[in-house]
>>> print(open('target_10.txt').read())   # compact mmCIF, C-alpha atoms
# COMPACT_ATOMS: atom_id res chain seq x y z
CA MET R 1 134.52 99.04 121.69
CA ARG R 2 130.78 99.19 121.09
CA ARG R 3 128.90 97.23 118.43
CA VAL R 4 127.24 99.15 115.59
CA VAL R 5 124.12 98.09 113.70
CA ILE R 6 121.98 99.46 110.87
CA THR R 7 118.37 100.02 111.89
CA GLY R 8 117.04 102.05 108.96
CA ALA R 9 117.63 102.44 105.23
CA GLY R 10 116.34 104.73 102.50
CA THR R 11 117.12 105.36 98.86
CA ILE R 12 116.13 106.90 95.57
CA ASN R 13 117.97 105.90 92.41
CA ALA R 14 117.36 104.83 88.82
CA LEU R 15 115.97 101.46 89.96
CA GLY R 16 113.39 102.79 92.38
CA HIS R 17 112.28 105.53 94.74
CA ASP R 18 112.65 103.36 97.85
CA VAL R 19 114.50 100.37 99.26
CA GLY R 20 111.86 97.77 98.39
CA SER R 21 111.70 98.63 94.71
CA THR R 22 115.49 98.87 94.48
CA MET R 23 116.00 95.43 96.01
CA GLN R 24 113.32 93.98 93.75
CA ALA R 25 115.23 95.34 90.76
CA PHE R 26 118.40 93.72 92.12
CA ARG R 27 116.58 90.39 92.35
CA GLU R 28 115.26 90.71 88.82
CA GLY R 29 118.56 91.93 87.38
CA ARG R 30 116.72 94.91 85.92
CA CYS R 31 118.63 97.71 84.22
CA GLY R 32 117.82 101.30 85.15
CA ILE R 33 120.15 102.82 82.56
CA THR R 34 118.14 104.72 79.94
CA GLN R 35 118.36 107.60 77.50
CA LEU R 36 119.07 110.84 79.35
CA GLU R 37 116.44 113.56 79.41
CA PHE R 38 117.54 117.10 80.22
CA ARG R 39 118.32 120.39 78.50
CA ASP R 40 120.93 120.26 75.70
CA VAL R 41 121.43 116.49 75.99
CA GLU R 42 121.62 116.36 72.19
CA ARG R 43 124.94 118.23 72.37
CA LEU R 44 126.53 115.38 74.31
CA SER R 45 128.27 112.36 72.84
CA ILE R 46 127.22 110.36 75.93
CA GLN R 47 123.43 110.24 76.14
CA ILE R 48 122.71 107.35 78.54
CA GLY R 49 122.70 107.22 82.32
CA GLY R 50 121.07 105.88 85.45
CA GLN R 51 118.66 108.81 85.67
CA VAL R 52 115.89 109.09 88.25
CA HIS R 53 112.74 109.40 86.15
CA ASP R 54 109.29 110.49 87.35
CA TRP R 55 110.96 112.81 89.86
CA THR R 56 108.59 115.59 90.93
CA PRO R 57 110.09 117.54 93.85
CA GLU R 58 106.73 119.27 94.40
CA THR R 59 105.45 115.97 95.78
CA TYR R 60 107.88 116.19 98.70
CA PHE R 61 108.83 119.85 99.12
CA ASN R 62 107.15 123.24 99.12
CA ARG R 63 108.15 126.08 96.80
CA GLN R 64 110.46 127.74 99.34
CA GLN R 65 112.27 124.47 100.01
CA ILE R 66 112.75 123.78 96.31
CA LEU R 67 114.38 127.20 95.93
CA LEU R 68 116.82 126.20 98.69
CA TYR R 69 117.48 122.54 97.89
CA ASP R 70 119.64 121.41 94.98
CA LYS R 71 118.61 118.08 93.50
CA PHE R 72 121.28 116.20 95.47
CA THR R 73 119.86 117.62 98.70
CA GLN R 74 116.32 116.70 97.66
CA PHE R 75 117.41 113.12 97.01
CA THR R 76 119.19 112.99 100.39
CA LEU R 77 116.24 114.28 102.38
CA LEU R 78 113.90 111.74 100.80
CA ALA R 79 116.28 108.85 101.53
CA ALA R 80 116.85 110.11 105.09
CA LYS R 81 113.10 110.32 105.69
CA GLN R 82 112.69 106.68 104.70
CA ALA R 83 115.63 105.58 106.86
CA VAL R 84 114.48 107.44 109.98
CA ALA R 85 110.92 106.19 109.54
CA GLN R 86 112.10 102.58 109.35
CA SER R 87 114.33 103.00 112.39
CA GLY R 88 111.47 104.34 114.51
CA LEU R 89 113.80 106.81 116.22
CA ASN R 90 112.73 110.14 117.67
CA PHE R 91 115.61 112.55 118.13
CA GLU R 92 113.92 114.93 120.56
CA GLY R 93 115.71 115.56 123.83
CA ALA R 94 118.96 113.91 124.84
CA LEU R 95 119.23 111.58 121.83
CA GLY R 96 119.50 114.53 119.43
CA LEU R 97 122.56 115.72 121.34
CA ARG R 98 124.18 112.31 120.88
CA SER R 99 123.31 111.91 117.20
CA GLY R 100 124.77 113.31 114.00
CA VAL R 101 125.07 112.98 110.25
CA VAL R 102 127.99 112.42 107.89
CA LEU R 103 127.34 112.14 104.16
CA GLY R 104 129.38 111.67 101.01
CA THR R 105 129.16 113.56 97.74
CA ALA R 106 131.61 114.47 94.98
CA GLY R 107 129.71 117.05 92.93
CA GLY R 108 127.41 118.51 95.57
CA GLY R 109 125.07 121.08 94.06
CA LEU R 110 126.23 120.54 90.49
CA ASN R 111 122.79 121.21 89.01
CA THR R 112 122.83 124.62 90.71
CA TRP R 113 126.29 125.38 89.34
CA ASP R 114 125.15 124.34 85.86
CA GLU R 115 121.96 126.40 85.91
CA ASN R 116 123.66 129.55 87.15
CA TYR R 117 126.67 129.36 84.87
CA ARG R 118 124.21 129.08 82.01
CA ALA R 119 122.26 132.09 83.28
CA VAL R 120 125.35 134.28 83.66
CA TYR R 121 127.51 133.23 80.71
CA GLU R 122 124.98 132.09 78.11
CA GLU R 123 121.93 134.20 78.90
CA GLY R 124 123.89 137.27 80.02
CA LYS R 125 122.15 137.74 83.36
CA ASN R 126 123.93 139.90 85.91
CA ARG R 127 122.25 138.53 89.01
CA VAL R 128 121.80 135.10 90.54
CA HIS R 129 119.43 133.98 93.29
CA PRO R 130 120.62 134.83 96.84
CA PHE R 131 120.38 131.14 97.80
CA VAL R 132 122.89 129.96 95.19
CA VAL R 133 125.78 129.49 97.63
CA PRO R 134 123.82 127.64 100.37
CA LYS R 135 122.18 125.56 97.63
CA LEU R 136 125.35 124.41 95.87
CA MET R 137 127.71 123.87 98.84
CA ASN R 138 128.75 120.26 99.39
CA ASN R 139 127.61 120.28 103.01
CA ALA R 140 124.09 121.46 102.15
CA ALA R 141 122.53 117.99 102.33
CA ALA R 142 124.19 117.13 105.66
CA SER R 143 123.16 120.48 107.11
CA HIS R 144 119.54 120.13 106.04
CA VAL R 145 119.33 116.58 107.39
CA SER R 146 120.72 117.76 110.75
CA MET R 147 118.13 120.55 110.86
CA GLU R 148 115.26 118.31 109.79
CA TYR R 149 115.83 115.85 112.64
CA GLY R 150 117.51 118.00 115.29
CA LEU R 151 120.83 116.16 115.10
CA ARG R 152 123.16 118.25 117.26
CA GLY R 153 126.19 115.97 117.25
CA PRO R 154 128.84 115.67 114.47
CA ALA R 155 127.56 116.89 111.09
CA PHE R 156 129.75 117.15 107.99
CA THR R 157 130.33 116.03 104.41
CA VAL R 158 133.09 113.87 102.95
CA ALA R 159 134.24 114.45 99.36
CA THR R 160 136.59 111.72 98.12
CA ALA R 161 135.26 111.28 94.59
CA CYS R 162 133.85 107.77 94.05
CA ALA R 163 134.68 106.63 97.60
CA SER R 164 132.84 109.48 99.33
CA SER R 165 129.90 107.42 100.66
CA ASN R 166 132.08 104.60 101.93
CA HIS R 167 134.39 107.04 103.67
CA ALA R 168 131.37 108.79 105.20
CA MET R 169 129.78 105.55 106.40
CA GLY R 170 133.10 104.28 107.71
CA LEU R 171 133.58 107.43 109.76
CA ALA R 172 130.00 107.21 111.04
CA PHE R 173 130.70 103.61 112.10
CA GLN R 174 133.87 104.65 113.92
CA MET R 175 132.08 107.48 115.76
CA VAL R 176 129.34 105.21 117.06
CA ARG R 177 131.78 102.42 117.89
CA SER R 178 134.07 104.78 119.82
CA GLY R 179 131.24 106.33 121.83
CA ALA R 180 131.44 109.76 120.22
CA SER R 181 127.80 109.33 119.11
CA ASP R 182 124.97 106.93 119.78
CA VAL R 183 123.30 107.32 116.38
CA MET R 184 124.59 108.58 113.04
CA LEU R 185 122.72 109.07 109.78
CA SER R 186 125.12 108.29 106.98
CA GLY R 187 125.36 107.50 103.28
CA GLY R 188 125.65 109.77 100.27
CA SER R 189 124.05 111.35 97.25
CA GLU R 190 124.83 112.68 93.80
CA ALA R 191 123.02 114.53 91.03
CA MET R 192 125.58 115.04 88.25
CA LEU R 193 123.25 114.17 85.37
CA CYS R 194 123.03 117.60 83.80
CA PHE R 195 124.73 119.03 80.73
CA GLY R 196 127.82 120.33 82.52
CA GLY R 197 128.18 117.25 84.68
CA VAL R 198 128.16 114.79 81.80
CA LYS R 199 130.23 117.05 79.52
CA ALA R 200 133.02 117.17 82.10
CA TRP R 201 133.10 113.37 82.38
CA GLU R 202 133.15 113.01 78.60
CA GLY R 203 136.57 114.62 78.62
CA LEU R 204 138.04 111.71 80.57
CA ARG R 205 137.08 109.24 77.79
CA VAL R 206 136.04 106.58 80.30
CA MET R 207 132.30 106.63 79.50
CA SER R 208 130.32 104.02 77.59
CA LYS R 209 127.84 105.08 74.93
CA ASP R 210 125.72 101.94 75.16
CA ALA R 211 125.91 99.96 78.44
CA CYS R 212 127.81 99.26 81.65
CA ARG R 213 129.36 95.76 81.47
CA PRO R 214 131.60 95.25 84.51
CA PHE R 215 134.11 92.41 84.26
CA SER R 216 133.01 91.47 80.73
CA ALA R 217 135.85 91.32 78.21
CA ASN R 218 133.95 93.66 75.87
CA ARG R 219 133.30 96.33 78.51
CA ASN R 220 133.86 99.83 77.19
CA GLY R 221 133.43 102.21 80.09
CA MET R 222 131.33 103.44 82.98
CA VAL R 223 127.83 104.90 82.94
CA GLN R 224 126.85 107.67 85.34
CA GLY R 225 123.88 107.46 87.67
CA GLU R 226 122.20 109.68 90.25
CA GLY R 227 120.35 109.32 93.53
CA ALA R 228 120.97 108.80 97.23
CA GLY R 229 121.21 106.21 99.97
CA VAL R 230 120.97 106.98 103.69
CA PHE R 231 121.26 104.63 106.67
CA VAL R 232 120.78 104.80 110.43
CA PHE R 233 123.90 103.57 112.23
CA GLU R 234 123.06 102.86 115.87
CA GLU R 235 124.80 101.49 118.92
CA TYR R 236 123.76 97.85 119.34
CA ASP R 237 122.59 97.94 122.97
CA HIS R 238 120.60 101.12 122.30
CA ALA R 239 118.87 99.42 119.36
CA ARG R 240 118.18 96.21 121.31
CA ALA R 241 116.82 98.09 124.31
CA ARG R 242 114.13 99.73 122.22
CA GLY R 243 113.32 96.59 120.24
CA ALA R 244 114.53 97.94 116.88
CA GLU R 245 114.72 95.75 113.80
CA ILE R 246 118.37 95.23 112.93
CA LEU R 247 119.19 95.06 109.22
CA ALA R 248 122.88 94.21 109.56
CA GLU R 249 125.88 94.80 111.78
CA VAL R 250 128.74 97.00 110.64
CA VAL R 251 131.89 95.30 111.89
CA GLY R 252 134.89 96.76 110.08
CA PHE R 253 136.25 99.61 108.02
CA ALA R 254 139.56 100.46 106.42
CA MET R 255 140.86 103.13 104.09
CA SER R 256 144.09 103.56 102.19
CA SER R 257 145.73 105.83 99.66
CA ASP R 258 147.61 104.62 96.60
CA ALA R 259 149.80 107.75 96.65
CA GLN R 260 150.60 106.89 93.05
CA ASP R 261 148.41 108.33 90.27
CA ILE R 262 145.45 110.70 90.07
CA VAL R 263 143.33 108.41 87.83
CA MET R 264 145.00 104.98 87.47
CA PRO R 265 144.10 102.57 90.31
CA SER R 266 146.57 100.45 92.25
CA ALA R 267 145.90 96.82 93.12
CA GLN R 268 148.18 97.13 96.14
CA GLY R 269 146.25 100.09 97.55
CA ALA R 270 142.91 98.35 97.05
CA GLU R 271 144.21 95.16 98.62
CA ARG R 272 145.40 97.01 101.72
CA ALA R 273 141.92 98.47 102.23
CA ILE R 274 140.26 95.07 101.71
CA THR R 275 142.62 93.32 104.12
CA GLY R 276 142.40 96.19 106.60
CA ALA R 277 138.60 96.00 106.76
CA MET R 278 138.74 92.29 107.54
CA VAL R 279 141.38 92.80 110.24
CA ASP R 280 139.34 95.62 111.78
CA ALA R 281 136.28 93.36 111.78
CA GLY R 282 138.12 90.36 113.22
CA LEU R 283 137.12 88.29 110.20
CA ASN R 284 139.11 85.63 108.37
CA ARG R 285 139.19 85.45 104.58
CA GLU R 286 137.00 82.35 104.70
CA ASP R 287 134.28 84.26 106.59
CA ILE R 288 133.51 86.52 103.61
CA GLY R 289 130.91 85.15 101.21
CA TYR R 290 130.17 88.14 99.00
CA ILE R 291 131.81 91.37 97.86
CA ASN R 292 129.94 94.24 96.32
CA ALA R 293 132.60 95.36 93.89
CA HIS R 294 133.49 98.86 92.83
CA GLY R 295 133.19 97.37 89.33
CA THR R 296 132.91 100.45 87.15
CA GLY R 297 133.06 98.71 83.78
CA THR R 298 136.32 100.38 82.78
CA ALA R 299 139.22 98.23 81.61
CA ALA R 300 141.61 99.57 84.27
CA ASN R 301 139.34 99.38 87.32
CA ASP R 302 137.89 95.93 86.81
CA LYS R 303 141.12 94.04 86.25
CA THR R 304 142.85 95.95 89.05
CA GLU R 305 140.05 95.18 91.50
CA CYS R 306 140.01 91.51 90.55
CA ALA R 307 143.77 91.31 91.06
CA ALA R 308 143.41 92.94 94.50
CA VAL R 309 140.65 90.52 95.53
CA ALA R 310 142.54 87.48 94.23
CA HIS R 311 145.68 88.45 96.13
CA ALA R 312 143.86 89.38 99.33
CA PHE R 313 141.83 86.16 99.47
CA GLY R 314 144.24 83.63 97.98
CA HIS R 315 142.55 80.27 97.30
CA HIS R 316 139.30 81.48 98.88
CA ALA R 317 138.88 83.96 96.00
CA ASP R 318 137.58 81.08 93.89
CA ARG R 319 134.73 80.54 96.37
CA LEU R 320 133.75 84.20 96.67
CA MET R 321 130.84 85.82 94.89
CA ILE R 322 131.58 89.34 93.65
CA SER R 323 129.17 91.53 91.69
CA SER R 324 128.78 95.11 90.52
CA THR R 325 125.32 96.65 90.78
CA LYS R 326 126.59 99.66 88.82
CA SER R 327 125.59 97.58 85.81
CA MET R 328 121.99 98.29 86.87
CA HIS R 329 121.89 101.73 88.53
CA GLY R 330 124.99 103.31 87.03
CA HIS R 331 127.88 104.92 88.86
CA LEU R 332 126.56 107.47 91.35
CA ILE R 333 130.10 108.80 91.89
CA GLY R 334 130.09 110.16 95.47
CA GLY R 335 126.76 108.50 96.27
CA THR R 336 127.47 105.11 94.76
CA GLY R 337 128.65 103.23 97.84
CA ALA R 338 125.46 104.12 99.69
CA VAL R 339 123.15 102.56 97.10
CA GLU R 340 125.48 99.57 96.78
CA LEU R 341 125.30 98.91 100.54
CA LEU R 342 121.69 97.89 99.94
CA ALA R 343 122.92 94.90 97.93
CA CYS R 344 125.09 93.91 100.89
CA ILE R 345 122.13 94.11 103.27
CA MET R 346 120.00 92.09 100.84
CA ALA R 347 122.69 89.40 100.68
CA LEU R 348 122.87 89.13 104.47
CA ARG R 349 119.15 89.38 105.29
CA ASP R 350 117.49 87.73 102.32
CA GLY R 351 120.19 85.40 101.03
CA VAL R 352 119.95 86.94 97.56
CA ILE R 353 123.10 88.00 95.71
CA ALA R 354 122.58 90.83 93.23
CA PRO R 355 123.99 90.04 89.77
CA THR R 356 126.41 91.76 87.44
CA ILE R 357 124.19 92.29 84.41
CA GLY R 358 125.41 92.97 80.88
CA TYR R 359 128.08 90.29 81.23
CA GLN R 360 128.80 88.82 77.79
CA GLU R 361 132.39 87.60 77.46
CA PRO R 362 134.74 86.11 80.08
CA ASP R 363 137.90 88.10 80.72
CA PRO R 364 140.90 86.06 81.91
CA GLU R 365 142.00 89.11 83.94
CA CYS R 366 138.64 89.04 85.78
CA ALA R 367 138.46 85.30 86.42
CA LEU R 368 136.28 85.42 89.54
CA ASP R 369 132.65 84.44 90.17
CA VAL R 370 131.02 87.72 89.15
CA VAL R 371 127.43 86.38 89.50
CA PRO R 372 126.74 87.02 85.80
CA ASN R 373 123.34 88.32 84.67
CA GLU R 374 121.06 86.53 87.17
CA ALA R 375 120.62 86.93 90.92
CA ARG R 376 121.57 83.95 93.04
CA GLU R 377 120.26 82.52 96.30
CA ALA R 378 123.04 81.87 98.78
CA ARG R 379 123.52 82.14 102.54
CA VAL R 380 126.35 84.48 103.49
CA ASP R 381 127.37 85.55 106.98
CA ALA R 382 129.77 88.40 106.19
CA VAL R 383 130.28 90.71 103.21
CA LEU R 384 132.48 93.55 102.02
CA SER R 385 131.62 96.68 100.06
CA ASN R 386 134.46 98.13 97.98
CA ALA R 387 134.95 101.72 96.84
CA PHE R 388 138.03 102.96 94.98
CA ALA R 389 138.26 106.57 93.84
CA PHE R 390 140.20 108.86 91.54
CA GLY R 391 143.12 110.21 93.50
CA GLY R 392 143.90 106.68 94.70
CA LEU R 393 141.51 106.82 97.66
CA ASN R 394 140.16 103.46 98.83
CA ALA R 395 137.46 102.64 101.40
CA VAL R 396 136.09 99.20 102.28
CA ILE R 397 133.29 98.38 104.74
CA ALA R 398 132.64 94.98 106.34
CA LEU R 399 129.15 93.88 107.44
CA ARG R 400 127.87 90.78 109.21
CA ARG R 401 124.51 89.08 109.52
CA VAL R 402 122.83 89.47 112.92
>>> encode(input="target_10.txt", output="structure tokens")
Amino acid sequence: MRRVVITGAGTINALGHDVGSTMQAFREGRCGITQLEFRDVERLSIQIGGQVHDWTPETYFNRQQILLYDKFTQFTLLAAKQAVAQSGLNFEGALGLRSGVVLGTAGGGLNTWDENYRAVYEEGKNRVHPFVVPKLMNNAAASHVSMEYGLRGPAFTVATACASSNHAMGLAFQMVRSGASDVMLSGGSEAMLCFGGVKAWEGLRVMSKDACRPFSANRNGMVQGEGAGVFVFEEYDHARARGAEILAEVVGFAMSSDAQDIVMPSAQGAERAITGAMVDAGLNREDIGYINAHGTGTAANDKTECAAVAHAFGHHADRLMISSTKSMHGHLIGGTGAVELLACIMALRDGVIAPTIGYQEPDPECALDVVPNEAREARVDAVLSNAFAFGGLNAVIALRRV
């Protein structure tokens, strides 16, 4: 099977509007979680989040495009533009026929849903804009990316809650590796930070009112974020032939289902995905130096994930570094794995491990090296990125330094 490498990356999230500023925030252990600012936020009991501030869509899109693009699509197109620019690819001609896009999202055009429900039910309007359906549909971002770059190969969206981006990137990896495509744009996006989006999550009672503290004994819940991450997955020989800069190699992917509970995670299901990714990559436990954890900051997720890692790695678990960058940018739900993959690339390329900030009290059920509060310099050759979703859906990606 063919080798797959990443030759471009782009992002916008609460830590920055591009990859450089996001990685700098990782190095500094800077928190992007702030007070939320949007209509009716005062009616919410949860008023913090990893919101993208200073976002002016008019800077990037014309009036007609803004009418057609929900916020999650806007975020995606900006991240994709950065990724394609870094890759140096031109998709005209034959390459466009051999290239595609697969993205992850959970909420899709949730801002559009929220605005139009308000217009119809609260304001009593009897009409909505004719672009409402193409604006809110979950595949809108993937479709617009395919049209923007002339990607005529596979193009679709994956919706598996908090594992959406990892599932999307794993499928993109498999398509390039198998020869179905030469290049795939992949990642994910989310824009749930609106009144309806936060109100729905409040009902689950898993949200923190003050901070995201993964693995800390006094953690009290997750904090939502928003944004996007997009990457260029390319066949290795194709990238080498054109002299492309290679950011990392994608070497393995595995997915599993707990088939157990709609909201409570299973350590056994997570472990099977972790072990499966290493087997797919041909890596031993001792080869892995860092794991970007799912690490939501909820009591159930963190201890379950630590148990899965400890069992999967045995004695080597004590020598692993594992951190959750959700403590900085919040939980982007369907887009979270895409932003978190940047921390994996930073670990491999720069030898800098992003920290778990907000860590205050050791938890005996999370007794791993969680890189507390400060980034760390360390050489690692292979890493994993974990994603575990409601519905018991697990997706783990393995990357290697090139």
>>> atom_distance(input="target_10.txt", atom1="CA of Arg319 in chain R", atom2="CA of Cys306 in chain R")
13.5 Å
>>> closest_residue(input="target_10.txt", among="R:Arg242, R:Arg349, R:His167, R:Arg213", to="Met328 in chain R", atoms="only C-alpha atoms")
R:Arg213
>>> atom_distance(input="target_10.txt", atom1="CA of Leu368 in chain R", atom2="CA of Asn13 in chain R")
27.6 Å
>>> atom_distance(input="target_10.txt", atom1="CA of Thr275 in chain R", atom2="CA of Ala310 in chain R")
11.5 Å
>>> residues_around(input="target_10.txt", residues="Asp318 in chain R", least_positions_apart="3", cutoff="9 Å", atoms="all atoms listed in the file", output="PyMOL selection string")
chain R and resi 310+313-315+321+367-369
>>> write_last_selection(input="target_10.txt", atoms="C-alpha atoms", output="PDB file, keeping the file's coordinate frame")
ATOM      1  CA  ALA R 310     142.540  87.480  94.230  1.00  0.00           C
ATOM      2  CA  PHE R 313     141.830  86.160  99.470  1.00  0.00           C
ATOM      3  CA  GLY R 314     144.240  83.630  97.980  1.00  0.00           C
ATOM      4  CA  HIS R 315     142.550  80.270  97.300  1.00  0.00           C
ATOM      5  CA  MET R 321     130.840  85.820  94.890  1.00  0.00           C
ATOM      6  CA  ALA R 367     138.460  85.300  86.420  1.00  0.00           C
ATOM      7  CA  LEU R 368     136.280  85.420  89.540  1.00  0.00           C
ATOM      8  CA  ASP R 369     132.650  84.440  90.170  1.00  0.00           C
TER       9      ASP R 369
END
>>> residues_around(input="target_10.txt", residues="Cys194 in chain R", least_positions_apart="4", cutoff="8 Å", atoms="only C-alpha atoms", output="PyMOL selection string")
chain R and resi 38-39+110-111+114+198
>>> closest_residue(input="target_10.txt", among="R:Ser178, R:Thr105, R:Ser216, R:Gln35", to="Asp363 in chain R", atoms="only C-alpha atoms")
R:Ser216
>>> residues_around(input="target_10.txt", residues="Met222 in chain R", least_positions_apart="6", cutoff="6 Å", atoms="all atoms listed in the file", output="list in words")
Met207, Ser208, Cys212, Thr296, Gly297 and Thr298 of chain R
>>> residues_around(input="target_10.txt", residues="Leu95 in chain R", least_positions_apart="3", cutoff="10 Å", atoms="only C-alpha atoms", output="list in words")
Leu89, Asn90, Phe91, Glu92, Arg98, Ser99, Gly100, Gly150, Leu151, Arg152, Gly153, Ser181, Asp182 and Val183 of chain R
>>> residues_around(input="target_10.txt", residues="Val128 in chain R", least_positions_apart="2", cutoff="10 Å", atoms="all atoms listed in the file", output="number ranges by chain")
R: 115-117, 119-120, 125-126, 130-133
>>> write_last_selection(input="target_10.txt", atoms="C-alpha atoms", output="compact mmCIF listing (two decimals), in the coordinates of the input")
# COMPACT_ATOMS: atom_id res chain seq x y z
CA GLU R 115 121.96 126.40 85.91
CA ASN R 116 123.66 129.55 87.15
CA TYR R 117 126.67 129.36 84.87
CA ALA R 119 122.26 132.09 83.28
CA VAL R 120 125.35 134.28 83.66
CA LYS R 125 122.15 137.74 83.36
CA ASN R 126 123.93 139.90 85.91
CA PRO R 130 120.62 134.83 96.84
CA PHE R 131 120.38 131.14 97.80
CA VAL R 132 122.89 129.96 95.19
CA VAL R 133 125.78 129.49 97.63
>>> closest_residue(input="target_10.txt", among="R:Asp70, R:Asp302, R:Asp210, R:Glu361", to="Ser45 in chain R", atoms="all atoms listed in the file")
R:Asp210
>>> closest_residue(input="target_10.txt", among="R:Gly227, R:Gly124, R:Gly203, R:Gly391", to="Leu332 in chain R", atoms="only C-alpha atoms")
R:Gly227
>>> closest_residue(input="target_10.txt", among="R:Glu123, R:Asp350, R:Asp54, R:Glu374", to="Met23 in chain R", atoms="all atoms listed in the file")
R:Asp350
>>> closest_residue(input="target_10.txt", among="R:Leu341, R:Leu44, R:Ala293, R:Ile357", to="Ile322 in chain R", atoms="all atoms listed in the file")
R:Ala293
>>> decode(input="target_10.txt", residues="range 76-89 of chain R", atoms="C-alpha atoms", output="short mmCIF file (atom, residue, chain, number, x, y, z; two decimals), in the first residue's frame")
data_model
loop_
_atom_site.label_atom_id
_atom_site.label_comp_id
_atom_site.auth_asym_id
_atom_site.auth_seq_id
_atom_site.Cartn_x
_atom_site.Cartn_y
_atom_site.Cartn_z
CA THR R 76 -13.61 25.54 6.76
CA LEU R 77 -12.89 27.56 3.64
CA LEU R 78 -10.38 29.75 5.47
CA ALA R 79 -8.56 26.72 6.91
CA ALA R 80 -8.60 24.98 3.52
CA LYS R 81 -7.15 28.06 1.83
CA GLN R 82 -4.22 28.06 4.25
CA ALA R 83 -3.63 24.32 3.82
CA VAL R 84 -3.70 24.40 0.01
CA ALA R 85 -1.43 27.45 -0.07
CA GLN R 86 1.14 25.71 2.13
CA SER R 87 1.00 22.55 0.04
CA GLY R 88 1.68 24.45 -3.18
CA LEU R 89 -0.71 22.20 -5.10
#
